[in-house]
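Structure data follow from upload.csv (CSV, C-alpha atoms):
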```csv
chain,number,residue,atom,x,y,z
A,1,GLN,CA,0.0,0.0,0.0
A,2,GLN,CA,1.7,3.2,-1.2
A,3,LYS,CA,1.7,6.0,1.3
A,4,VAL,CA,1.2,8.7,-1.4
A,5,GLN,CA,-1.5,8.5,-4.0
A,6,GLN,CA,-1.7,10.6,-7.1
A,7,SER,CA,-4.4,11.5,-9.6
A,8,PRO,CA,-5.0,11.5,-12.5
A,9,GLU,CA,-2.8,8.8,-13.9
A,10,SER,CA,-2.5,10.7,-17.1
A,11,LEU,CA,-3.6,14.2,-18.3
A,12,SER,CA,-3.6,15.9,-21.6
A,13,VAL,CA,-3.9,19.7,-22.0
A,14,PRO,CA,-3.6,22.1,-24.9
A,15,GLU,CA,-0.6,24.4,-25.2
A,16,GLY,CA,-1.3,27.5,-23.1
A,17,GLY,CA,-3.9,25.6,-20.9
A,18,MET,CA,-3.9,24.9,-17.2
A,19,ALA,CA,-2.8,21.5,-15.9
A,20,SER,CA,-3.9,20.4,-12.4
A,21,LEU,CA,-2.4,17.5,-10.6
A,22,ASN,CA,-3.5,16.0,-7.3
A,23,CYS,CA,-1.8,14.1,-4.4
A,24,THR,CA,-3.1,12.7,-1.2
A,25,SER,CA,-1.5,10.9,1.7
A,26,SER,CA,-2.6,8.3,4.2
A,27,ASP,CA,0.2,9.1,6.7
A,28,ARG,CA,-0.5,12.0,9.0
A,29,ASN,CA,3.2,12.1,10.0
A,30,PHE,CA,4.2,13.6,6.7
A,31,GLN,CA,5.3,17.2,7.1
A,32,TYR,CA,7.2,18.0,3.9
A,33,PHE,CA,5.9,17.7,0.4
A,34,TRP,CA,7.6,17.9,-3.0
A,35,TRP,CA,6.8,17.8,-6.6
A,36,TYR,CA,9.4,16.1,-8.9
A,37,ARG,CA,9.4,16.1,-12.7
A,38,GLN,CA,10.9,13.4,-14.9
A,39,HIS,CA,11.4,13.7,-18.6
A,40,SER,CA,11.8,10.6,-20.7
A,41,GLY,CA,15.1,8.9,-20.3
A,42,GLU,CA,16.2,11.0,-17.3
A,43,GLY,CA,16.1,10.8,-13.6
A,44,PRO,CA,13.5,12.8,-11.6
A,45,LYS,CA,14.4,16.4,-10.7
A,46,ALA,CA,13.0,18.4,-7.9
A,47,LEU,CA,10.5,21.0,-9.2
A,48,MET,CA,9.2,22.6,-6.0
A,49,SER,CA,8.6,22.0,-2.4
A,50,ILE,CA,5.8,23.1,0.0
A,51,PHE,CA,5.9,22.8,3.7
A,52,SER,CA,3.2,25.1,5.0
A,53,ASP,CA,-0.5,25.3,4.4
A,54,GLY,CA,-1.6,27.5,1.5
A,55,ASP,CA,-0.2,28.3,-1.9
A,56,LYS,CA,3.4,28.6,-3.1
A,57,LYS,CA,4.0,30.1,-6.5
A,58,GLU,CA,7.2,29.7,-8.6
A,59,GLY,CA,6.7,31.2,-12.1
A,60,ARG,CA,4.0,29.3,-13.9
A,61,PHE,CA,3.8,26.6,-11.2
A,62,THR,CA,1.6,26.9,-8.1
A,63,ALA,CA,1.5,24.3,-5.3
A,64,HIS,CA,-1.2,24.1,-2.7
A,65,LEU,CA,-1.0,22.3,0.6
A,66,ASN,CA,-3.8,21.4,3.0
A,67,LYS,CA,-2.2,19.5,5.9
A,68,ALA,CA,-5.5,18.8,7.6
A,69,SER,CA,-6.8,16.8,4.6
A,70,LEU,CA,-3.2,15.7,3.6
A,71,HIS,CA,-3.9,17.0,0.1
A,72,VAL,CA,-1.3,18.6,-2.2
A,73,SER,CA,-1.9,19.9,-5.7
A,74,LEU,CA,0.2,21.3,-8.5
A,75,HIS,CA,-1.2,23.8,-11.0
A,76,ILE,CA,0.7,24.7,-14.2
A,77,ARG,CA,-0.6,27.7,-16.1
A,78,ASP,CA,0.2,28.5,-19.7
A,79,SER,CA,1.4,24.9,-20.2
A,80,GLN,CA,4.2,24.4,-22.7
A,81,PRO,CA,5.1,21.3,-24.7
A,82,SER,CA,8.3,21.2,-22.7
A,83,ASP,CA,6.2,20.6,-19.6
A,84,SER,CA,5.3,17.2,-21.0
A,85,ALA,CA,6.7,14.7,-18.5
A,86,LEU,CA,6.0,12.4,-15.6
A,87,TYR,CA,5.2,14.3,-12.4
A,88,PHE,CA,5.7,12.7,-9.0
A,89,CYS,CA,4.4,13.9,-5.6
A,90,ALA,CA,6.7,12.9,-2.7
A,91,ALA,CA,6.4,13.3,1.1
A,92,SER,CA,8.7,12.9,4.1
A,93,TRP,CA,8.4,12.8,7.8
A,94,SER,CA,9.8,15.5,10.1
A,95,ASN,CA,12.8,13.6,11.5
A,96,TYR,CA,14.0,11.7,8.5
A,97,ASN,CA,14.9,12.6,5.0
A,98,VAL,CA,13.3,9.6,3.4
A,99,LEU,CA,11.0,10.5,0.5
A,100,TYR,CA,8.0,8.4,-0.3
A,101,PHE,CA,6.8,8.9,-3.9
A,102,GLY,CA,3.4,8.5,-5.5
A,103,SER,CA,2.9,6.5,-8.7
A,104,GLY,CA,3.1,9.6,-10.9
A,105,THR,CA,0.9,11.6,-13.3
A,106,LYS,CA,1.9,11.6,-17.0
A,107,LEU,CA,1.3,15.1,-18.4
A,108,THR,CA,1.1,15.6,-22.2
A,109,VAL,CA,0.9,19.2,-23.5
A,110,GLU,CA,-0.4,19.2,-27.1
A,111,PRO,CA,0.9,21.9,-29.4
B,1,GLU,CA,29.2,20.3,-11.0
B,2,ALA,CA,27.8,18.1,-8.3
B,3,ALA,CA,26.3,14.9,-9.6
B,4,VAL,CA,25.0,11.4,-9.1
B,5,THR,CA,26.5,8.9,-11.6
B,6,GLN,CA,25.1,5.4,-12.0
B,7,SER,CA,26.7,2.4,-13.8
B,8,PRO,CA,26.0,0.5,-15.9
B,9,ARG,CA,23.2,2.4,-17.8
B,10,ASN,CA,21.9,-0.9,-19.2
B,11,LYS,CA,22.3,-4.5,-18.0
B,12,VAL,CA,21.1,-7.9,-19.1
B,13,ALA,CA,21.4,-10.6,-16.5
B,14,VAL,CA,20.5,-14.2,-16.3
B,15,THR,CA,18.1,-15.6,-13.7
B,16,GLY,CA,20.0,-16.8,-10.6
B,17,GLY,CA,23.1,-14.6,-11.4
B,18,LYS,CA,24.6,-11.9,-9.3
B,19,VAL,CA,24.1,-8.3,-10.3
B,20,THR,CA,25.8,-5.2,-8.8
B,21,LEU,CA,24.5,-1.7,-9.6
B,22,SER,CA,26.9,1.1,-8.6
B,23,CYS,CA,26.3,4.7,-7.7
B,24,ASN,CA,28.7,7.6,-7.1
B,25,GLN,CA,27.9,11.1,-5.8
B,26,THR,CA,30.0,14.2,-5.7
B,27,ASN,CA,27.4,16.2,-3.7
B,28,ASN,CA,29.0,15.4,-0.3
B,29,HIS,CA,25.6,14.3,0.9
B,30,ASN,CA,25.4,12.0,3.8
B,31,ASN,CA,22.2,10.2,2.6
B,32,MET,CA,21.9,8.0,-0.4
B,33,TYR,CA,18.9,6.0,-1.7
B,34,TRP,CA,18.0,3.2,-4.1
B,35,TYR,CA,14.6,3.2,-5.8
B,36,ARG,CA,13.1,1.1,-8.5
B,37,GLN,CA,10.6,2.5,-11.0
B,38,ASP,CA,7.8,0.4,-12.5
B,39,THR,CA,4.8,1.6,-14.5
B,40,GLY,CA,1.8,1.9,-12.1
B,41,HIS,CA,4.0,1.9,-9.0
B,42,GLY,CA,6.1,5.0,-9.3
B,43,LEU,CA,9.3,5.1,-7.4
B,44,ARG,CA,9.6,2.5,-4.6
B,45,LEU,CA,12.3,2.7,-1.9
B,46,ILE,CA,14.6,-0.4,-1.7
B,47,HIS,CA,17.4,0.6,0.6
B,48,TYR,CA,19.0,3.8,1.9
B,49,SER,CA,22.0,4.9,3.9
B,50,TYR,CA,22.8,7.7,6.3
B,51,GLY,CA,26.5,7.5,5.8
B,52,ALA,CA,29.5,5.3,5.2
B,53,GLY,CA,29.0,1.8,6.7
B,54,SER,CA,25.2,2.2,7.3
B,55,THR,CA,22.4,0.7,5.3
B,56,GLU,CA,18.7,0.7,6.1
B,57,LYS,CA,15.8,-1.3,4.6
B,58,GLY,CA,13.2,0.6,2.6
B,59,ASP,CA,9.7,-0.5,1.6
B,60,ILE,CA,10.7,-3.4,-0.7
B,61,PRO,CA,14.1,-4.7,0.4
B,62,ASP,CA,13.5,-8.5,-0.2
B,63,GLY,CA,15.9,-9.9,-2.7
B,64,TYR,CA,18.3,-6.9,-2.5
B,65,LYS,CA,21.3,-6.0,-0.4
B,66,ALA,CA,23.1,-2.7,-0.2
B,67,SER,CA,26.6,-1.6,0.6
B,68,ARG,CA,27.9,1.9,1.5
B,69,PRO,CA,31.7,1.6,1.7
B,70,SER,CA,32.3,5.4,1.5
B,71,GLN,CA,30.6,8.7,1.5
B,72,GLU,CA,30.6,8.8,-2.3
B,73,ASN,CA,29.6,5.2,-3.2
B,74,PHE,CA,26.5,3.2,-2.7
B,75,SER,CA,25.9,-0.2,-4.3
B,76,LEU,CA,22.8,-2.3,-4.8
B,77,ILE,CA,23.4,-6.0,-5.0
B,78,LEU,CA,21.0,-8.7,-6.4
B,79,GLU,CA,22.6,-12.0,-5.2
B,80,LEU,CA,20.1,-14.2,-7.1
B,81,ALA,CA,18.5,-12.1,-9.8
B,82,THR,CA,14.9,-13.0,-10.8
B,83,PRO,CA,12.8,-11.8,-13.7
B,84,SER,CA,10.6,-9.9,-11.3
B,85,GLN,CA,13.6,-7.6,-10.6
B,86,THR,CA,13.5,-6.4,-14.2
B,87,SER,CA,13.0,-2.7,-13.7
B,88,VAL,CA,14.7,0.7,-13.9
B,89,TYR,CA,16.8,1.5,-10.8
B,90,PHE,CA,17.5,5.0,-9.6
B,91,CYS,CA,20.1,6.1,-7.1
B,92,ALA,CA,19.7,9.5,-5.3
B,93,SER,CA,21.6,11.5,-2.8
B,94,GLY,CA,20.2,14.0,-0.3
B,95,GLY,CA,21.1,16.1,2.7
B,96,GLN,CA,20.2,15.0,6.2
B,97,ALA,CA,17.7,17.7,6.8
B,98,ALA,CA,14.1,16.5,6.3
B,99,ASN,CA,13.4,19.5,4.0
B,100,SER,CA,16.4,18.7,1.7
B,101,ASP,CA,15.7,17.7,-1.9
B,102,TYR,CA,17.3,14.7,-3.7
B,103,THR,CA,19.6,14.6,-6.7
B,104,PHE,CA,18.9,11.6,-8.8
B,105,GLY,CA,21.1,9.7,-11.2
B,106,SER,CA,20.1,8.9,-14.8
B,107,GLY,CA,19.0,5.3,-13.9
B,108,THR,CA,20.1,1.7,-14.7
B,109,ARG,CA,17.8,-0.3,-16.9
B,110,LEU,CA,18.0,-4.0,-15.8
B,111,LEU,CA,16.6,-6.9,-17.7
B,112,VAL,CA,16.7,-10.3,-16.1
B,113,ILE,CA,16.1,-13.2,-18.5
```
Before we go any further, please render this structure as structure tokens.
Amino acid sequence: QQKVQQSPESLSVPEGGMASLNCTSSDRNFQYFWWYRQHSGEGPKALMSIFSDGDKKEGRFTAHLNKASLHVSLHIRDSQPSDSALYFCAASWSNYNVLYFGSGTKLTVEP
Amino acid sequence: EAAVTQSPRNKVAVTGGKVTLSCNQTNNHNNMYWYRQDTGHGLRLIHYSYGAGSTEKGDIPDGYKASRPSQENFSLILELATPSQTSVYFCASGGQAANSDYTFGSGTRLLVI
């Protein structure tokens, strides 16, 4: 049973559109949440982190965290074909740096 | 530039054989990790290490051993490879703080026949 669940499994949006990815956890000990992005043939790379309730914006990317419901989301506005990738949600506890990853959302941005 | 390097990039092994996957990091991170990636399962943690000489079991350690002989190197060992271990394996390094991100290698694609 994976500790982090992601939805949807795959998502297709038109270029310039908004992509919304979701993540929930079953472990209330998780304190730190991350989004990682993996392009085909490469290792995952950290995209952004969010540790406090509310929104965090970095350029076209906005993450939202609600610790009470253990829900994290990632919104990508003005999506570009280069955003096409596999996106992972990951979470860790407060006293370890061991990341638990979800199963990923495959995002396709169509030109 | 700090990096995580995995070798080999691709490996074909026979069932019952021994396989060693190697990982080297130049980030000077204390922590290192081994994950496997399979469609529908995402990244699953096999073993990790907090420093030279230490190894810890992750979520799916059965059939795998790990070795951390130095700060820079972390190996994953399959003593008796099975076809179910066919997968893509990723090594990562990270700082000790719980809010530190990981640096991943490019992966090793293993096929066990």
Identify all chain A residues at most 7 Å from chain B by counting only C-alpha atoms; ligands do not count. Present them as a VMD selection string.
chain A and resid 32 42 to 46 92 to 97 101 to 104
Neighbours of segment 65-82 of chain B within 9 Å (only C-alpha atoms; same-chain residues fewer than 2 positions away dropped), as a short mmCIF file (atom, residue, chain, number, x, y, z; two decimals) with C-alpha atoms, keeping the file's coordinate frame?
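As a result, around25.cif now contains:
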```cif
data_model
loop_
_atom_site.label_atom_id
_atom_site.label_comp_id
_atom_site.auth_asym_id
_atom_site.auth_seq_id
_atom_site.Cartn_x
_atom_site.Cartn_y
_atom_site.Cartn_z
CA ALA B 13 21.40 -10.60 -16.50
CA VAL B 14 20.50 -14.20 -16.30
CA THR B 15 18.10 -15.60 -13.70
CA GLY B 16 20.00 -16.80 -10.60
CA GLY B 17 23.10 -14.60 -11.40
CA LYS B 18 24.60 -11.90 -9.30
CA VAL B 19 24.10 -8.30 -10.30
CA THR B 20 25.80 -5.20 -8.80
CA LEU B 21 24.50 -1.70 -9.60
CA SER B 22 26.90 1.10 -8.60
CA CYS B 23 26.30 4.70 -7.70
CA ASN B 24 28.70 7.60 -7.10
CA GLN B 25 27.90 11.10 -5.80
CA THR B 26 30.00 14.20 -5.70
CA ASN B 27 27.40 16.20 -3.70
CA ASN B 28 29.00 15.40 -0.30
CA HIS B 29 25.60 14.30 0.90
CA ASN B 30 25.40 12.00 3.80
CA ASN B 31 22.20 10.20 2.60
CA MET B 32 21.90 8.00 -0.40
CA TYR B 33 18.90 6.00 -1.70
CA TRP B 34 18.00 3.20 -4.10
CA ILE B 46 14.60 -0.40 -1.70
CA HIS B 47 17.40 0.60 0.60
CA TYR B 48 19.00 3.80 1.90
CA SER B 49 22.00 4.90 3.90
CA GLY B 51 26.50 7.50 5.80
CA ALA B 52 29.50 5.30 5.20
CA GLY B 53 29.00 1.80 6.70
CA SER B 54 25.20 2.20 7.30
CA THR B 55 22.40 0.70 5.30
CA GLU B 56 18.70 0.70 6.10
CA LYS B 57 15.80 -1.30 4.60
CA PRO B 61 14.10 -4.70 0.40
CA ASP B 62 13.50 -8.50 -0.20
CA GLY B 63 15.90 -9.90 -2.70
CA SER B 84 10.60 -9.90 -11.30
CA GLN B 85 13.60 -7.60 -10.60
CA THR B 86 13.50 -6.40 -14.20
CA CYS B 91 20.10 6.10 -7.10
CA VAL B 112 16.70 -10.30 -16.10
CA ILE B 113 16.10 -13.20 -18.50
#
```
Quick one: pull the distance between atom CA of His39 of chain A and atom CA of Lys67 of chain A, Å, one decimal.
28.6 Å
Here is a test: counting all atoms listed in the file, which residue of A:Ser12, A:Gln6, A:Ser69, A:Thr62 is nearest to Phe30 of chain A?
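The shortest atom-to-atom distance to Phe30 of chain A comes from A:Ser69.
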Taking (0.7, 28.8, -14.4) in the coordinates of the supplied file, I want to know which residues reach to within 7 Å of it, counting all atoms listed in the file; could you give the answer as a PyMOL selection string?
chain A and resi 18+59-62+75-78
Write out as a PDB file with C-alpha atoms, keeping the file's coordinate frame each polymer residue whose atoms come within 8 Å of Thr108 of chain A, counting all atoms listed in the file; drop sequence neighbours fewer than 6 positions from it.
```
ATOM      1  CA  SER A  10      -2.500  10.700 -17.100  1.00  0.00           C
ATOM      2  CA  LEU A  11      -3.600  14.200 -18.300  1.00  0.00           C
ATOM      3  CA  SER A  12      -3.600  15.900 -21.600  1.00  0.00           C
ATOM      4  CA  VAL A  13      -3.900  19.700 -22.000  1.00  0.00           C
ATOM      5  CA  PRO A  81       5.100  21.300 -24.700  1.00  0.00           C
ATOM      6  CA  ASP A  83       6.200  20.600 -19.600  1.00  0.00           C
ATOM      7  CA  SER A  84       5.300  17.200 -21.000  1.00  0.00           C
ATOM      8  CA  ALA A  85       6.700  14.700 -18.500  1.00  0.00           C
TER       9      ALA A  85
END
```
Straight-line distance linking atom CA of Thr108 of chain B with atom CA of Leu99 of chain A, stated in Å to one decimal
19.8 Å
Quick one, how far is atom CA of Arg36 of chain B from atom CA of Pro8 of chain B?
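Atom CA of Pro8 of chain B lies at a distance of 14.9 Å from atom CA of Arg36 of chain B.
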Within 8 Å of (8.6, 23.2, 5.4) (coordinates as in the file), grab all the protein and nucleic acid residues, counting only C-alpha atoms, and write them out as a short mmCIF file (atom, residue, chain, number, x, y, z; two decimals) with C-alpha atoms, in the frame of the given file.
```
data_model
loop_
_atom_site.label_atom_id
_atom_site.label_comp_id
_atom_site.auth_asym_id
_atom_site.auth_seq_id
_atom_site.Cartn_x
_atom_site.Cartn_y
_atom_site.Cartn_z
CA GLN A 31 5.30 17.20 7.10
CA TYR A 32 7.20 18.00 3.90
CA PHE A 33 5.90 17.70 0.40
CA SER A 49 8.60 22.00 -2.40
CA ILE A 50 5.80 23.10 0.00
CA PHE A 51 5.90 22.80 3.70
CA SER A 52 3.20 25.10 5.00
CA ASN B 99 13.40 19.50 4.00
#
```
Quick one: segment 56-67 of chain A with all heavy atoms, as a PDB file, keeping the file's coordinate frame?
```
ATOM      1  N   LYS A  56       2.009  28.188  -2.813  1.00  0.00           N
ATOM      2  CA  LYS A  56       3.400  28.600  -3.100  1.00  0.00           C
ATOM      3  C   LYS A  56       3.518  28.703  -4.590  1.00  0.00           C
ATOM      4  O   LYS A  56       3.221  27.746  -5.306  1.00  0.00           O
ATOM      5  CB  LYS A  56       4.379  27.587  -2.527  1.00  0.00           C
ATOM      6  CG  LYS A  56       5.826  27.976  -2.764  1.00  0.00           C
ATOM      7  CD  LYS A  56       6.765  26.942  -2.141  1.00  0.00           C
ATOM      8  CE  LYS A  56       8.221  27.332  -2.338  1.00  0.00           C
ATOM      9  NZ  LYS A  56       9.145  26.326  -1.752  1.00  0.00           N
ATOM     10  N   LYS A  57       3.954  29.871  -5.065  1.00  0.00           N
ATOM     11  CA  LYS A  57       4.000  30.100  -6.500  1.00  0.00           C
ATOM     12  C   LYS A  57       5.463  30.274  -6.930  1.00  0.00           C
ATOM     13  O   LYS A  57       6.245  31.005  -6.314  1.00  0.00           O
ATOM     14  CB  LYS A  57       3.223  31.369  -6.855  1.00  0.00           C
ATOM     15  CG  LYS A  57       3.143  31.672  -8.333  1.00  0.00           C
ATOM     16  CD  LYS A  57       2.277  32.909  -8.587  1.00  0.00           C
ATOM     17  CE  LYS A  57       2.219  33.235 -10.070  1.00  0.00           C
ATOM     18  NZ  LYS A  57       1.414  34.442 -10.340  1.00  0.00           N
ATOM     19  N   GLU A  58       5.841  29.585  -8.012  1.00  0.00           N
ATOM     20  CA  GLU A  58       7.200  29.700  -8.600  1.00  0.00           C
ATOM     21  C   GLU A  58       6.962  29.807 -10.129  1.00  0.00           C
ATOM     22  O   GLU A  58       6.801  28.782 -10.791  1.00  0.00           O
ATOM     23  CB  GLU A  58       8.093  28.598  -8.234  1.00  0.00           C
ATOM     24  CG  GLU A  58       8.471  28.583  -6.763  1.00  0.00           C
ATOM     25  CD  GLU A  58       9.505  27.512  -6.421  1.00  0.00           C
ATOM     26  OE1 GLU A  58       9.920  26.753  -7.320  1.00  0.00           O
ATOM     27  OE2 GLU A  58       9.877  27.425  -5.235  1.00  0.00           O
ATOM     28  N   GLY A  59       6.939  31.016 -10.644  1.00  0.00           N
ATOM     29  CA  GLY A  59       6.700  31.200 -12.100  1.00  0.00           C
ATOM     30  C   GLY A  59       5.351  30.723 -12.503  1.00  0.00           C
ATOM     31  O   GLY A  59       4.340  31.147 -11.954  1.00  0.00           O
ATOM     32  N   ARG A  60       5.316  29.782 -13.463  1.00  0.00           N
ATOM     33  CA  ARG A  60       4.000  29.300 -13.900  1.00  0.00           C
ATOM     34  C   ARG A  60       3.456  28.160 -13.049  1.00  0.00           C
ATOM     35  O   ARG A  60       2.364  27.663 -13.306  1.00  0.00           O
ATOM     36  CB  ARG A  60       4.197  28.727 -15.359  1.00  0.00           C
ATOM     37  CG  ARG A  60       4.599  29.778 -16.383  1.00  0.00           C
ATOM     38  CD  ARG A  60       4.685  29.192 -17.808  1.00  0.00           C
ATOM     39  NE  ARG A  60       5.760  28.221 -17.960  1.00  0.00           N
ATOM     40  CZ  ARG A  60       5.578  26.918 -18.089  1.00  0.00           C
ATOM     41  NH1 ARG A  60       4.346  26.409 -18.075  1.00  0.00           N
ATOM     42  NH2 ARG A  60       6.619  26.115 -18.240  1.00  0.00           N
ATOM     43  N   PHE A  61       4.207  27.775 -12.049  1.00  0.00           N
ATOM     44  CA  PHE A  61       3.800  26.600 -11.200  1.00  0.00           C
ATOM     45  C   PHE A  61       3.336  27.141  -9.836  1.00  0.00           C
ATOM     46  O   PHE A  61       3.974  27.985  -9.215  1.00  0.00           O
ATOM     47  CB  PHE A  61       5.032  25.717 -10.985  1.00  0.00           C
ATOM     48  CG  PHE A  61       5.557  25.115 -12.251  1.00  0.00           C
ATOM     49  CD1 PHE A  61       6.484  25.796 -13.031  1.00  0.00           C
ATOM     50  CD2 PHE A  61       5.128  23.862 -12.668  1.00  0.00           C
ATOM     51  CE1 PHE A  61       6.968  25.239 -14.207  1.00  0.00           C
ATOM     52  CE2 PHE A  61       5.610  23.304 -13.842  1.00  0.00           C
ATOM     53  CZ  PHE A  61       6.527  23.987 -14.616  1.00  0.00           C
ATOM     54  N   THR A  62       2.189  26.591  -9.405  1.00  0.00           N
ATOM     55  CA  THR A  62       1.600  26.900  -8.100  1.00  0.00           C
ATOM     56  C   THR A  62       1.316  25.600  -7.377  1.00  0.00           C
ATOM     57  O   THR A  62       0.583  24.763  -7.917  1.00  0.00           O
ATOM     58  CB  THR A  62       0.379  27.768  -8.172  1.00  0.00           C
ATOM     59  OG1 THR A  62       0.692  29.002  -8.820  1.00  0.00           O
ATOM     60  CG2 THR A  62      -0.177  28.063  -6.781  1.00  0.00           C
ATOM     61  N   ALA A  63       1.874  25.438  -6.175  1.00  0.00           N
ATOM     62  CA  ALA A  63       1.500  24.300  -5.300  1.00  0.00           C
ATOM     63  C   ALA A  63       0.622  24.735  -4.220  1.00  0.00           C
ATOM     64  O   ALA A  63       0.712  25.862  -3.733  1.00  0.00           O
ATOM     65  CB  ALA A  63       2.804  23.649  -4.770  1.00  0.00           C
ATOM     66  N   HIS A  64      -0.277  23.849  -3.829  1.00  0.00           N
ATOM     67  CA  HIS A  64      -1.200  24.100  -2.700  1.00  0.00           C
ATOM     68  C   HIS A  64      -1.161  22.964  -1.761  1.00  0.00           C
ATOM     69  O   HIS A  64      -1.196  21.802  -2.158  1.00  0.00           O
ATOM     70  CB  HIS A  64      -2.622  24.320  -3.251  1.00  0.00           C
ATOM     71  CG  HIS A  64      -3.626  24.527  -2.164  1.00  0.00           C
ATOM     72  ND1 HIS A  64      -3.807  25.745  -1.545  1.00  0.00           N
ATOM     73  CD2 HIS A  64      -4.480  23.653  -1.548  1.00  0.00           C
ATOM     74  CE1 HIS A  64      -4.729  25.631  -0.599  1.00  0.00           C
ATOM     75  NE2 HIS A  64      -5.156  24.375  -0.592  1.00  0.00           N
ATOM     76  N   LEU A  65      -1.082  23.278  -0.467  1.00  0.00           N
ATOM     77  CA  LEU A  65      -1.000  22.300   0.600  1.00  0.00           C
ATOM     78  C   LEU A  65      -2.139  22.484   1.595  1.00  0.00           C
ATOM     79  O   LEU A  65      -2.327  23.600   2.075  1.00  0.00           O
ATOM     80  CB  LEU A  65       0.327  22.263   1.271  1.00  0.00           C
ATOM     81  CG  LEU A  65       0.482  21.372   2.507  1.00  0.00           C
ATOM     82  CD1 LEU A  65       0.265  19.907   2.176  1.00  0.00           C
ATOM     83  CD2 LEU A  65       1.871  21.590   3.132  1.00  0.00           C
ATOM     84  N   ASN A  66      -2.845  21.406   1.929  1.00  0.00           N
ATOM     85  CA  ASN A  66      -3.800  21.400   3.000  1.00  0.00           C
ATOM     86  C   ASN A  66      -3.429  20.249   3.933  1.00  0.00           C
ATOM     87  O   ASN A  66      -3.746  19.096   3.640  1.00  0.00           O
ATOM     88  CB  ASN A  66      -5.231  21.262   2.502  1.00  0.00           C
ATOM     89  CG  ASN A  66      -6.264  21.301   3.613  1.00  0.00           C
ATOM     90  OD1 ASN A  66      -6.010  20.875   4.745  1.00  0.00           O
ATOM     91  ND2 ASN A  66      -7.437  21.818   3.314  1.00  0.00           N
ATOM     92  N   LYS A  67      -2.722  20.544   5.019  1.00  0.00           N
ATOM     93  CA  LYS A  67      -2.200  19.500   5.900  1.00  0.00           C
ATOM     94  C   LYS A  67      -3.349  18.749   6.598  1.00  0.00           C
ATOM     95  O   LYS A  67      -3.229  17.563   6.897  1.00  0.00           O
ATOM     96  CB  LYS A  67      -1.221  20.031   6.895  1.00  0.00           C
ATOM     97  CG  LYS A  67       0.155  20.292   6.305  1.00  0.00           C
ATOM     98  CD  LYS A  67       1.178  20.597   7.400  1.00  0.00           C
ATOM     99  CE  LYS A  67       2.553  20.800   6.802  1.00  0.00           C
ATOM    100  NZ  LYS A  67       3.569  21.090   7.850  1.00  0.00           N
TER     101      LYS A  67
END
```
